[in-house]
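Engineer: File my_file_10.tsv below, TSV, C-alpha atoms and all ligand atoms:
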chain	number	residue	atom	x	y	z
A	1	MET	CA	-50.72	70.28	110.27
A	2	VAL	CA	-49.76	73.35	108.21
A	3	ASN	CA	-52.00	76.41	107.98
A	4	LYS	CA	-54.42	76.60	105.09
A	5	VAL	CA	-53.35	78.63	102.06
A	6	THR	CA	-56.09	81.18	101.35
A	7	LYS	CA	-54.18	84.23	100.13
A	8	ALA	CA	-52.47	84.72	96.82
A	9	ILE	CA	-50.30	87.50	95.45
A	10	PHE	CA	-50.41	88.27	91.73
A	11	PRO	CA	-47.48	90.43	90.64
A	12	VAL	CA	-48.94	92.34	87.69
A	13	ALA	CA	-46.85	95.50	87.71
A	14	GLY	CA	-44.51	94.50	84.83
A	15	LEU	CA	-44.18	96.80	81.84
A	16	GLY	CA	-44.79	94.06	79.29
A	17	THR	CA	-42.14	95.43	76.97
A	18	ARG	CA	-42.01	92.20	74.97
A	19	PHE	CA	-45.52	92.93	73.75
A	20	LEU	CA	-45.07	96.56	72.75
A	21	PRO	CA	-46.75	98.38	71.10
A	22	ALA	CA	-49.89	96.54	72.35
A	23	THR	CA	-48.87	97.01	75.97
A	24	LYS	CA	-48.58	100.78	75.50
A	25	SER	CA	-52.21	100.96	76.57
A	26	ILE	CA	-53.24	97.39	77.49
A	27	PRO	CA	-51.79	95.61	80.52
A	28	LYS	CA	-50.27	92.37	79.24
A	29	GLU	CA	-52.35	90.43	81.77
A	30	ILE	CA	-55.46	91.54	79.86
A	31	MET	CA	-54.24	90.02	76.59
A	32	THR	CA	-56.54	87.17	75.70
A	33	LEU	CA	-56.17	83.48	75.11
A	34	VAL	CA	-59.23	82.83	72.92
A	35	ASP	CA	-61.69	85.05	74.84
A	36	ARG	CA	-60.37	85.19	78.39
A	37	PRO	CA	-57.60	87.45	79.63
A	38	LEU	CA	-54.43	85.80	80.89
A	39	ILE	CA	-55.19	86.96	84.42
A	40	GLN	CA	-58.49	85.07	84.40
A	41	TYR	CA	-56.68	81.76	83.94
A	42	ALA	CA	-54.50	82.50	86.98
A	43	ILE	CA	-57.53	83.57	89.06
A	44	ASP	CA	-59.46	80.42	88.13
A	45	GLU	CA	-56.48	78.26	89.04
A	46	ALA	CA	-56.16	80.04	92.40
A	47	ARG	CA	-59.87	79.66	93.16
A	48	GLU	CA	-59.71	75.96	92.33
A	49	ALA	CA	-56.89	75.66	94.89
A	50	GLY	CA	-59.00	77.25	97.64
A	51	ILE	CA	-57.71	80.84	97.46
A	52	THR	CA	-60.25	83.36	98.73
A	53	ASP	CA	-58.13	86.52	99.11
A	54	PHE	CA	-56.46	87.97	96.03
A	55	ILE	CA	-53.71	90.57	96.23
A	56	PHE	CA	-52.71	92.33	93.04
A	57	VAL	CA	-49.44	94.21	92.93
A	58	THR	CA	-50.06	96.71	90.17
A	59	ALA	CA	-48.44	99.87	88.83
A	60	ARG	CA	-49.29	102.91	86.78
A	61	GLY	CA	-51.15	102.15	83.58
A	62	LYS	CA	-52.88	99.04	84.93
A	63	SER	CA	-56.33	100.44	85.62
A	64	ALA	CA	-57.87	98.24	82.91
A	65	LEU	CA	-57.13	95.32	85.24
A	66	GLU	CA	-59.16	96.84	88.07
A	67	ASP	CA	-62.04	97.53	85.70
A	68	TYR	CA	-61.95	93.96	84.46
A	69	PHE	CA	-62.71	92.67	87.96
A	70	ASP	CA	-65.44	95.18	88.62
A	71	SER	CA	-69.07	94.43	87.86
A	72	ASN	CA	-70.55	96.00	84.74
A	73	PRO	CA	-74.27	96.52	85.53
A	74	GLU	CA	-75.06	98.18	82.19
A	75	LEU	CA	-73.62	95.31	80.20
A	76	GLU	CA	-75.40	92.78	82.42
A	77	LYS	CA	-78.71	94.58	82.02
A	78	THR	CA	-78.36	94.66	78.24
A	79	LEU	CA	-77.47	90.96	78.05
A	80	ALA	CA	-80.42	90.09	80.34
A	81	ARG	CA	-82.81	92.17	78.25
A	82	LYS	CA	-81.64	90.43	75.08
A	83	GLY	CA	-82.03	87.01	76.70
A	84	LYS	CA	-78.30	86.20	76.34
A	85	THR	CA	-78.26	84.01	79.42
A	86	GLU	CA	-75.20	82.00	78.46
A	87	LEU	CA	-73.05	85.08	78.03
A	88	LEU	CA	-74.45	86.49	81.23
A	89	GLU	CA	-73.47	83.34	83.09
A	90	GLN	CA	-69.96	83.46	81.63
A	91	LEU	CA	-69.68	87.03	82.80
A	92	ARG	CA	-70.89	86.17	86.30
A	93	ASP	CA	-68.32	83.37	86.50
A	94	THR	CA	-65.65	86.05	86.47
A	95	ASP	CA	-67.28	88.11	89.24
A	96	MET	CA	-65.21	88.76	92.32
A	97	GLU	CA	-67.01	89.36	95.55
A	98	SER	CA	-66.53	92.85	97.09
A	99	GLY	CA	-63.50	92.77	99.37
A	100	ALA	CA	-61.94	89.68	97.78
A	101	ILE	CA	-59.33	91.70	95.89
A	102	ALA	CA	-56.79	94.12	97.30
A	103	TYR	CA	-54.63	96.30	95.07
A	104	ILE	CA	-51.17	97.41	96.11
A	105	ARG	CA	-49.00	99.67	93.99
A	106	GLN	CA	-45.38	99.01	93.25
A	107	ARG	CA	-43.96	102.48	92.77
A	108	GLU	CA	-40.80	101.48	90.93
A	109	ALA	CA	-40.02	98.44	88.76
A	110	ARG	CA	-37.39	96.81	90.99
A	111	GLY	CA	-38.00	93.16	90.23
A	112	LEU	CA	-40.29	90.29	91.17
A	113	GLY	CA	-38.97	90.03	94.74
A	114	HIS	CA	-39.66	93.71	95.33
A	115	ALA	CA	-43.19	93.37	93.88
A	116	VAL	CA	-43.99	90.51	96.26
A	117	TRP	CA	-42.48	92.45	99.19
A	118	CYS	CA	-44.89	95.33	98.44
A	119	ALA	CA	-47.72	93.06	99.68
A	120	ARG	CA	-46.02	92.22	103.01
A	121	ARG	CA	-48.50	94.10	105.20
A	122	LEU	CA	-51.40	92.06	103.89
A	123	VAL	CA	-49.94	88.74	105.02
A	124	SER	CA	-49.98	87.80	108.72
A	125	ALA	CA	-47.21	86.11	110.66
A	126	ASN	CA	-47.37	82.33	110.31
A	127	GLU	CA	-49.67	82.56	107.29
A	128	PRO	CA	-48.42	80.73	104.19
A	129	PHE	CA	-49.39	82.47	100.95
A	130	ALA	CA	-49.30	81.68	97.26
A	131	VAL	CA	-47.72	83.68	94.45
A	132	LEU	CA	-48.91	83.21	90.88
A	133	LEU	CA	-47.20	84.74	87.85
A	134	PRO	CA	-49.94	85.11	85.24
A	135	ASP	CA	-47.43	84.90	82.35
A	136	ASP	CA	-47.09	81.22	83.13
A	137	VAL	CA	-50.30	79.61	81.98
A	138	ILE	CA	-50.58	75.97	82.99
A	139	ALA	CA	-53.16	73.62	81.49
A	140	GLY	CA	-53.81	70.41	83.34
A	141	ARG	CA	-56.45	68.02	84.59
A	142	VAL	CA	-55.98	69.43	88.09
A	143	GLY	CA	-54.74	73.02	88.42
A	144	CYS	CA	-51.04	73.38	89.24
A	145	LEU	CA	-51.64	75.36	92.43
A	146	LYS	CA	-54.19	72.83	93.68
A	147	GLN	CA	-51.65	70.04	93.16
A	148	MET	CA	-49.13	72.09	95.13
A	149	VAL	CA	-51.53	72.95	97.96
A	150	GLU	CA	-52.21	69.23	98.41
A	151	ALA	CA	-48.52	68.34	98.42
A	152	TYR	CA	-47.84	71.29	100.74
A	153	GLN	CA	-49.98	69.72	103.44
A	154	GLU	CA	-47.31	67.02	103.71
A	155	VAL	CA	-44.15	69.13	103.70
A	156	GLY	CA	-44.99	72.74	104.61
A	157	GLY	CA	-42.10	75.20	104.40
A	158	ASN	CA	-41.68	76.87	101.03
A	159	MET	CA	-42.66	75.27	97.75
A	160	VAL	CA	-42.02	76.27	94.13
A	161	ALA	CA	-43.43	74.73	90.95
A	162	ALA	CA	-40.68	72.98	89.03
A	163	MET	CA	-40.18	71.65	85.54
A	164	GLU	CA	-37.30	70.18	83.58
A	165	VAL	CA	-36.24	72.45	80.75
A	166	ASP	CA	-33.83	72.17	77.88
A	167	PRO	CA	-30.36	72.89	79.41
A	168	GLU	CA	-29.86	75.58	76.77
A	169	ARG	CA	-32.76	77.53	78.26
A	170	VAL	CA	-31.86	77.49	81.96
A	171	SER	CA	-30.65	81.10	81.84
A	172	ASN	CA	-34.30	82.24	81.49
A	173	TYR	CA	-35.28	80.78	84.85
A	174	GLY	CA	-34.69	80.37	88.52
A	175	VAL	CA	-32.92	76.99	88.80
A	176	ILE	CA	-33.02	74.46	91.64
A	177	ASP	CA	-29.96	72.80	93.10
A	178	PRO	CA	-31.55	69.49	94.15
A	179	SER	CA	-30.40	67.43	97.10
A	180	ASP	CA	-32.98	64.69	97.17
A	181	SER	CA	-36.20	63.67	95.44
A	182	ASP	CA	-39.27	61.69	96.36
A	183	GLY	CA	-41.86	61.26	93.60
A	184	ARG	CA	-42.86	64.74	92.49
A	185	MET	CA	-41.07	66.48	95.38
A	186	ILE	CA	-37.52	67.70	95.11
A	187	ALA	CA	-35.70	68.95	98.18
A	188	ALA	CA	-33.62	72.01	97.29
A	189	LYS	CA	-30.21	72.72	98.76
A	190	GLY	CA	-29.85	75.87	96.71
A	191	MET	CA	-31.47	78.01	94.02
A	192	VAL	CA	-29.96	80.36	91.44
A	193	GLU	CA	-31.75	83.03	89.42
A	194	LYS	CA	-30.99	83.00	85.71
A	195	PRO	CA	-27.61	81.21	85.79
A	196	SER	CA	-25.58	80.67	82.65
A	197	GLN	CA	-25.89	77.17	81.22
A	198	HIS	CA	-22.37	76.53	82.45
A	199	ASP	CA	-23.11	77.57	86.07
A	200	ALA	CA	-26.60	76.06	86.36
A	201	PRO	CA	-26.83	73.46	89.15
A	202	SER	CA	-29.45	71.44	87.19
A	203	ASN	CA	-32.07	71.86	84.48
A	204	LEU	CA	-34.90	72.02	87.03
A	205	ALA	CA	-36.52	75.38	86.41
A	206	VAL	CA	-38.78	77.28	88.78
A	207	ILE	CA	-42.16	78.02	87.18
A	208	GLY	CA	-44.38	80.86	88.36
A	209	ARG	CA	-46.30	79.19	91.18
A	210	TYR	CA	-45.10	79.44	94.76
A	211	ILE	CA	-46.34	78.69	98.27
A	212	LEU	CA	-44.22	80.67	100.69
A	213	ARG	CA	-43.85	81.36	104.35
A	214	PRO	CA	-43.96	84.99	105.48
A	215	GLU	CA	-40.31	84.74	106.68
A	216	VAL	CA	-39.45	85.31	103.00
A	217	PHE	CA	-40.46	88.95	103.50
A	218	ALA	CA	-37.60	89.42	105.98
A	219	SER	CA	-35.11	88.41	103.26
A	220	LEU	CA	-36.87	90.60	100.69
A	221	GLU	CA	-36.75	93.48	103.16
A	222	LYS	CA	-32.98	93.68	102.61
A	223	GLN	CA	-33.74	94.57	98.98
A	224	LYS	CA	-30.46	93.16	97.81
A	225	ALA	CA	-30.13	93.39	94.04
A	226	GLY	CA	-29.54	90.04	92.34
A	227	ALA	CA	-29.57	88.88	88.71
A	228	GLY	CA	-30.23	91.74	86.29
A	229	GLY	CA	-29.82	94.27	89.13
A	230	GLU	CA	-33.30	93.37	90.43
A	231	VAL	CA	-34.56	92.14	93.80
A	232	GLN	CA	-35.14	88.47	93.07
A	233	LEU	CA	-37.75	86.26	94.71
A	234	THR	CA	-35.56	83.25	93.99
A	235	ASP	CA	-32.76	84.69	96.17
A	236	ALA	CA	-35.14	85.31	99.08
A	237	ILE	CA	-36.47	81.75	98.89
A	238	CYS	CA	-32.94	80.37	98.63
A	239	ALA	CA	-32.04	82.29	101.80
A	240	GLN	CA	-34.65	80.21	103.69
A	241	ILE	CA	-32.76	76.97	103.06
A	242	GLY	CA	-31.21	75.59	106.22
A	243	LYS	CA	-33.35	77.75	108.51
A	244	GLY	CA	-35.72	75.00	109.59
A	245	ALA	CA	-38.41	75.16	106.92
A	246	PRO	CA	-37.66	73.09	103.80
A	247	VAL	CA	-37.68	74.47	100.26
A	248	THR	CA	-39.29	71.97	97.92
A	249	GLY	CA	-39.60	71.95	94.15
A	250	TYR	CA	-42.85	70.35	93.01
A	251	LEU	CA	-42.87	68.66	89.59
A	252	PHE	CA	-46.42	69.49	88.58
A	253	GLU	CA	-48.51	67.59	86.09
A	254	GLY	CA	-49.65	69.73	83.15
A	255	GLU	CA	-48.53	71.74	80.17
A	256	ARG	CA	-46.95	75.12	80.84
A	257	TYR	CA	-47.01	77.96	78.32
A	258	ASP	CA	-44.70	80.92	78.65
A	259	CYS	CA	-47.13	83.68	77.72
A	260	GLY	CA	-44.47	86.24	78.56
A	261	SER	CA	-42.87	85.40	75.20
A	262	LYS	CA	-44.48	85.83	71.79
A	263	ALA	CA	-43.84	82.24	70.72
A	264	GLY	CA	-45.25	80.83	73.98
A	265	TYR	CA	-48.28	83.07	73.77
A	266	LEU	CA	-49.02	81.92	70.22
A	267	GLN	CA	-48.58	78.28	71.21
A	268	ALA	CA	-51.01	78.76	74.09
A	269	THR	CA	-53.52	80.39	71.75
A	270	VAL	CA	-53.41	77.36	69.45
A	271	ALA	CA	-53.64	74.86	72.33
A	272	PHE	CA	-56.49	76.65	74.10
A	273	GLY	CA	-58.30	77.23	70.80
A	274	LEU	CA	-58.13	73.52	69.99
A	275	ALA	CA	-59.33	72.64	73.49
A	276	ARG	CA	-62.55	74.61	72.99
A	277	PRO	CA	-65.33	72.27	71.81
A	278	GLU	CA	-67.05	75.06	69.84
A	279	LEU	CA	-63.85	75.87	67.91
A	280	HIS	CA	-62.18	72.52	67.74
A	281	ASP	CA	-63.36	71.19	64.36
A	282	GLU	CA	-62.99	74.37	62.37
A	283	PHE	CA	-59.64	75.24	63.95
A	284	ARG	CA	-58.23	71.77	63.52
A	285	GLU	CA	-59.18	71.71	59.86
A	286	TYR	CA	-57.39	75.03	59.41
A	287	ILE	CA	-54.24	73.80	61.19
A	288	GLU	CA	-54.17	70.60	59.18
A	289	ALA	CA	-54.54	72.50	55.90
A	290	LEU	CA	-51.84	74.92	56.97
A	291	THR	CA	-49.50	72.10	57.97
A	292	SER	CA	-49.82	70.39	54.62
A	293	LEU	CA	-49.25	73.69	52.82
A	294	LEU	CA	-46.10	74.25	54.88
A	295	ARG	CA	-44.90	70.70	54.16
A	296	ALA	CA	-45.52	71.08	50.45
A	297	ALA	CA	-43.52	74.31	50.42
A	298	GLU	CA	-40.48	72.65	52.04
B	1	LIG	C1	-39.54	84.77	86.89
B	1	LIG	C2	-38.68	84.27	88.07
B	1	LIG	C3	-37.91	83.03	87.67
B	1	LIG	C4	-38.87	81.97	87.15
B	1	LIG	C5	-39.74	82.54	86.01
B	1	LIG	C6	-40.81	81.54	85.62
B	1	LIG	O1	-38.68	85.23	85.89
B	1	LIG	O2	-37.79	85.30	88.46
B	1	LIG	O3	-37.21	82.52	88.76
B	1	LIG	O4	-38.14	80.85	86.70
B	1	LIG	O5	-40.39	83.76	86.41
B	1	LIG	O6	-41.58	81.98	84.56
B	1	LIG	P1	-39.17	86.18	84.67
B	1	LIG	O7	-39.76	85.26	83.64
B	1	LIG	O8	-40.19	87.12	85.23
B	1	LIG	O9	-37.95	86.86	84.17
Show me the file's structure as C-alpha cells.
Ligand code: G1P

Structural biologist:
Amino acid sequence: MVNKVTKAIFPVAGLGTRFLPATKSIPKEIMTLVDRPLIQYAIDEAREAGITDFIFVTARGKSALEDYFDSNPELEKTLARKGKTELLEQLRDTDMESGAIAYIRQREARGLGHAVWCARRLVSANEPFAVLLPDDVIAGRVGCLKQMVEAYQEVGGNMVAAMEVDPERVSNYGVIDPSDSDGRMIAAKGMVEKPSQHDAPSNLAVIGRYILRPEVFASLEKQKAGAGGEVQLTDAICAQIGKGAPVTGYLFEGERYDCGSKAGYLQATVAFGLARPELHDEFREYIEALTSLLRAAE
C-alpha cells in the first residue's frame, strides 16, 4: 500500500513573458478563464484528488496570488448586506483554510526542476507529493490528478501525466521513452526534455501533473543544467528509472489546454465559456454567426 498523496507543489514563479505586457503587473496564474483565475482550476483539481496541503513556489511580483487566497472580509460584508448570497457562496468556495497554503520563494529563475527543489524542506522522507503546473488546464469528467492518484495506488513510484501529441510539437515537451504499456499506464525506460523531432523517443508528451517520490529532490539537488540551460524536472525524474521505483506515464482522460500559449489560452476561454450554462446559448450563437461570416469570407 503506497502512502496517501496529500501535498501538492504549484510552481508559480515563472515570469509569464509570453503574456507581456499583461504580466508586467499581473501574475499569469491570475489571468482568468471566464471568471476564475487559472490557479483556481489547478487548486480545485488538487482538492478533488484529496490534496490538503498546498505549497506555492512564488517569486517577486507575485503578491496578487497571495491576496487572491486570503479572505476579503470587507467584500464579504458588502455582498452579505446586499443579499448577494450566490456570489458570496462562490467566493467562499475559493476560501483556503488558515495553514493550508505555504509560500516558498524561488530567488532566481533557474527552471522548473529548481522551483520544485525549493520546496524540498516541506516534504518528508517517504512522502509522495504532487506537482501541478497551472498553465496546463485539464477539463474532464474526473479531474486528471484524481485519476492519477487512483492509478498511483496500484503502481507507486513516480507518475507523470501523459498525452500523445503531434510529432511536430514534441520539442515543446518532456517526452517519454516507453518500454511497456498496460491500459492507460506506460512504463518509461527514459525521458527527454524538449528533444528535437528527430531525436524524440516517441510522441508521448509529459503534461503538467506529477506524483513524485521525495528521492527526486536528491537528483534536483545536483542542480545540473539541462535543456535550455535550466534545471529540468524531467531529468530528475528520468534519473529515478532503474533505481527500484518505477516511472509511469498515465494517459489521462480529458481535454488539455496549454494556457501558457496565447492560442491555447484563447481555446480554453472558448471551451470554458461554452461549458457555462449561463453563457452557453448566447456564446454559441455568437460563435456560429462568426463561423459563417468567416466561411463566407473565404
Ligand atoms: C514543462 C515541462 C515539460 C512538460 C510541460 C507540460 O515545460 O518542463 O516537461 O512537457 O511543462 O506543459 P514548459 O511548458 O514549462 O516549458

Engineer: Which of these residues is nearest to ligand LIG 1 (chain B), using all atoms listed in the file: A:Tyr173, A:Tyr103, A:Tyr265, A:Phe283?

Structural biologist: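 Checking each candidate against ligand LIG 1 (chain B), we get A:Tyr173 as the closest.
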
Engineer: Residues contacting ligand LIG 1 (chain B) - anything with an atom at most 6 Å away, using only C-alpha atoms and all ligand atoms - can you give me those as a list in words?

Structural biologist: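 The residues within 6 Å of ligand LIG 1 (chain B), counting only C-alpha atoms and all ligand atoms, are Asp136, Tyr173, Gly174, Glu193, Ala205, Val206, Ile207, Gly208 and Thr234 of chain A.
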
Engineer: What is the distance between atom CA of Lys62 of chain A and atom CA of Ala227 of chain A, in Å to one decimal?

Structural biologist: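 Atom-to-atom, atom CA of Lys62 of chain A to atom CA of Ala227 of chain A, that is 25.7 Å.
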
Engineer: Could you tell me which of A:Gly61, A:Gly254, A:Gly226, A:Gly99 comes closest to Arg141 of chain A if we count only C-alpha atoms?

Structural biologist: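 Smallest distance to Arg141 of chain A is found for A:Gly254.
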
Engineer: Just to confirm, what's the straight-line distance from atom CA of Gln267 of chain A to atom CA of Arg36 of chain A in Å (one decimal)?

Structural biologist: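 These atoms are spaced 15.4 Å apart.
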
Engineer: Name the residues, using the chain letters and numbers of the file, that sit within 8 Å of (-31.6, 71.3, 85.3) when counting only C-alpha atoms, and give them as an mmCIF file with C-alpha atoms, in the frame of the given file.

Structural biologist:
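Written output follows (selection.cif):
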data_model
loop_
_atom_site.group_PDB
_atom_site.id
_atom_site.type_symbol
_atom_site.label_atom_id
_atom_site.label_comp_id
_atom_site.auth_asym_id
_atom_site.auth_seq_id
_atom_site.Cartn_x
_atom_site.Cartn_y
_atom_site.Cartn_z
ATOM 1 C CA GLU A 164 -37.300 70.180 83.580
ATOM 2 C CA VAL A 165 -36.240 72.450 80.750
ATOM 3 C CA ASP A 166 -33.830 72.170 77.880
ATOM 4 C CA PRO A 167 -30.360 72.890 79.410
ATOM 5 C CA VAL A 170 -31.860 77.490 81.960
ATOM 6 C CA VAL A 175 -32.920 76.990 88.800
ATOM 7 C CA ILE A 176 -33.020 74.460 91.640
ATOM 8 C CA ALA A 200 -26.600 76.060 86.360
ATOM 9 C CA PRO A 201 -26.830 73.460 89.150
ATOM 10 C CA SER A 202 -29.450 71.440 87.190
ATOM 11 C CA ASN A 203 -32.070 71.860 84.480
ATOM 12 C CA LEU A 204 -34.900 72.020 87.030
ATOM 13 C CA ALA A 205 -36.520 75.380 86.410
#

Engineer: Between atom CA of Ala275 of chain A and atom CA of Ala162 of chain A, measure the distance and give it in Å to one decimal.

Structural biologist: 24.3 Å

Engineer: Hey, which of A:Leu65, A:Ala59, A:Ala187, A:Ala245 ends up closest to Gln106 of chain A? Count all atoms listed in the file.

Structural biologist: A:Ala59

Engineer: Write out as a PDB file with C-alpha atoms, in the frame of the given file which residues come within 9 Å of segment 87-95 of chain A when counting only C-alpha atoms, dropping same-chain ones fewer than 6 positions away.

Structural biologist:
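After the write, out_32.pdb holds the following:
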ATOM      1  CA  GLN A  40     -58.490  85.070  84.400  1.00  0.00           C
ATOM      2  CA  ILE A  43     -57.530  83.570  89.060  1.00  0.00           C
ATOM      3  CA  ASP A  44     -59.460  80.420  88.130  1.00  0.00           C
ATOM      4  CA  TYR A  68     -61.950  93.960  84.460  1.00  0.00           C
ATOM      5  CA  PHE A  69     -62.710  92.670  87.960  1.00  0.00           C
ATOM      6  CA  ASP A  70     -65.440  95.180  88.620  1.00  0.00           C
ATOM      7  CA  SER A  71     -69.070  94.430  87.860  1.00  0.00           C
ATOM      8  CA  LEU A  75     -73.620  95.310  80.200  1.00  0.00           C
ATOM      9  CA  GLU A  76     -75.400  92.780  82.420  1.00  0.00           C
ATOM     10  CA  LEU A  79     -77.470  90.960  78.050  1.00  0.00           C
ATOM     11  CA  ALA A  80     -80.420  90.090  80.340  1.00  0.00           C
TER      12      ALA A  80
END

Engineer: From the set A:Glu288, A:Glu154, A:Ala102, A:Arg18, which residue has the shortest atom-to-atom contact distance to Val123 of chain A, counting only C-alpha atoms?

Structural biologist: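 The closest residue to Val123 of chain A is A:Ala102.
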
Engineer: Just checking: using all atoms listed in the file, which residue out of A:Thr6, A:Thr78, A:Thr85, A:Asn72 ends up closest to Ile51 of chain A?

Structural biologist: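 Using all atoms listed in the file, the shortest distance to Ile51 of chain A belongs to A:Thr6.
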
Engineer: Which one is closest to Gly113 of chain A: A:Leu38, A:Leu20, A:Val142, A:Ala13? Count only C-alpha atoms.

Structural biologist: A:Ala13

Engineer: Mind listing as a list in words all residues within 12 Å of (-55.3, 100.7, 81.5), counting only C-alpha atoms?

Structural biologist: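 Here the neighbourhood of the point contains Ala13, Leu15, Ala22, Thr23, Lys24, Ser25, Ile26, Pro27, Lys28, Glu29, Ile30, Met31, Thr58, Ala59, Arg60, Gly61, Lys62, Ser63, Ala64, Leu65, Glu66, Asp67 and Tyr68 of chain A.
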
Engineer: Which polymer residues have any atom within 8 Å of an atom of segment 47-49 of chain A, counting only C-alpha atoms, with same-chain residues fewer than 5 positions away left out, as number ranges by chain?

Structural biologist: A: 143, 145-147, 149

Engineer: Just want the 7 Å neighbourhood of Pro178 of chain A, counted on only C-alpha atoms, with same-chain residues fewer than 3 positions away dropped. Output as a PyMOL selection string.

Structural biologist: chain A and resi 186-189

Engineer: I'd like the contact shell of Cys259 of chain A - 7 Å cut-off, only C-alpha atoms, skipping same-chain residues fewer than 2 positions apart - returned as a PyMOL selection string.

Structural biologist: chain A and resi 135-137+257+261-262+264-265

Engineer: Emit the selected residues as a JSON list (two decimals), in the frame of the given file, including C-alpha atoms.

Structural biologist:
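Listing of result-v6.json after writing:
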[["chain", "number", "residue", "atom", "x", "y", "z"],
["A", 135, "ASP", "CA", -47.43, 84.90, 82.35],
["A", 136, "ASP", "CA", -47.09, 81.22, 83.13],
["A", 137, "VAL", "CA", -50.30, 79.61, 81.98],
["A", 257, "TYR", "CA", -47.01, 77.96, 78.32],
["A", 261, "SER", "CA", -42.87, 85.40, 75.20],
["A", 262, "LYS", "CA", -44.48, 85.83, 71.79],
["A", 264, "GLY", "CA", -45.25, 80.83, 73.98],
["A", 265, "TYR", "CA", -48.28, 83.07, 73.77]]

Engineer: With all atoms listed in the file as the counted atoms, please give the residues lying no more than 7 Å from Gly157 of chain A, apart from itself and same-chain residues fewer than 2 positions off, as JSON, numbers by chain.

Structural biologist: {"A": [155, 159, 212, 213, 245, 246, 247]}

Engineer: Grab all the atoms of segment 62-66 of chain A that the file lists, wrap them in a box along x, y and z, add 4 Å per side, and give me centre plus edge lengths in Å (one decimal) as AutoDock Vina command-line options.

Structural biologist:
--center_x -56.0 --center_y 97.9 --center_z 85.5 --size_x 14.3 --size_y 13.1 --size_z 13.2
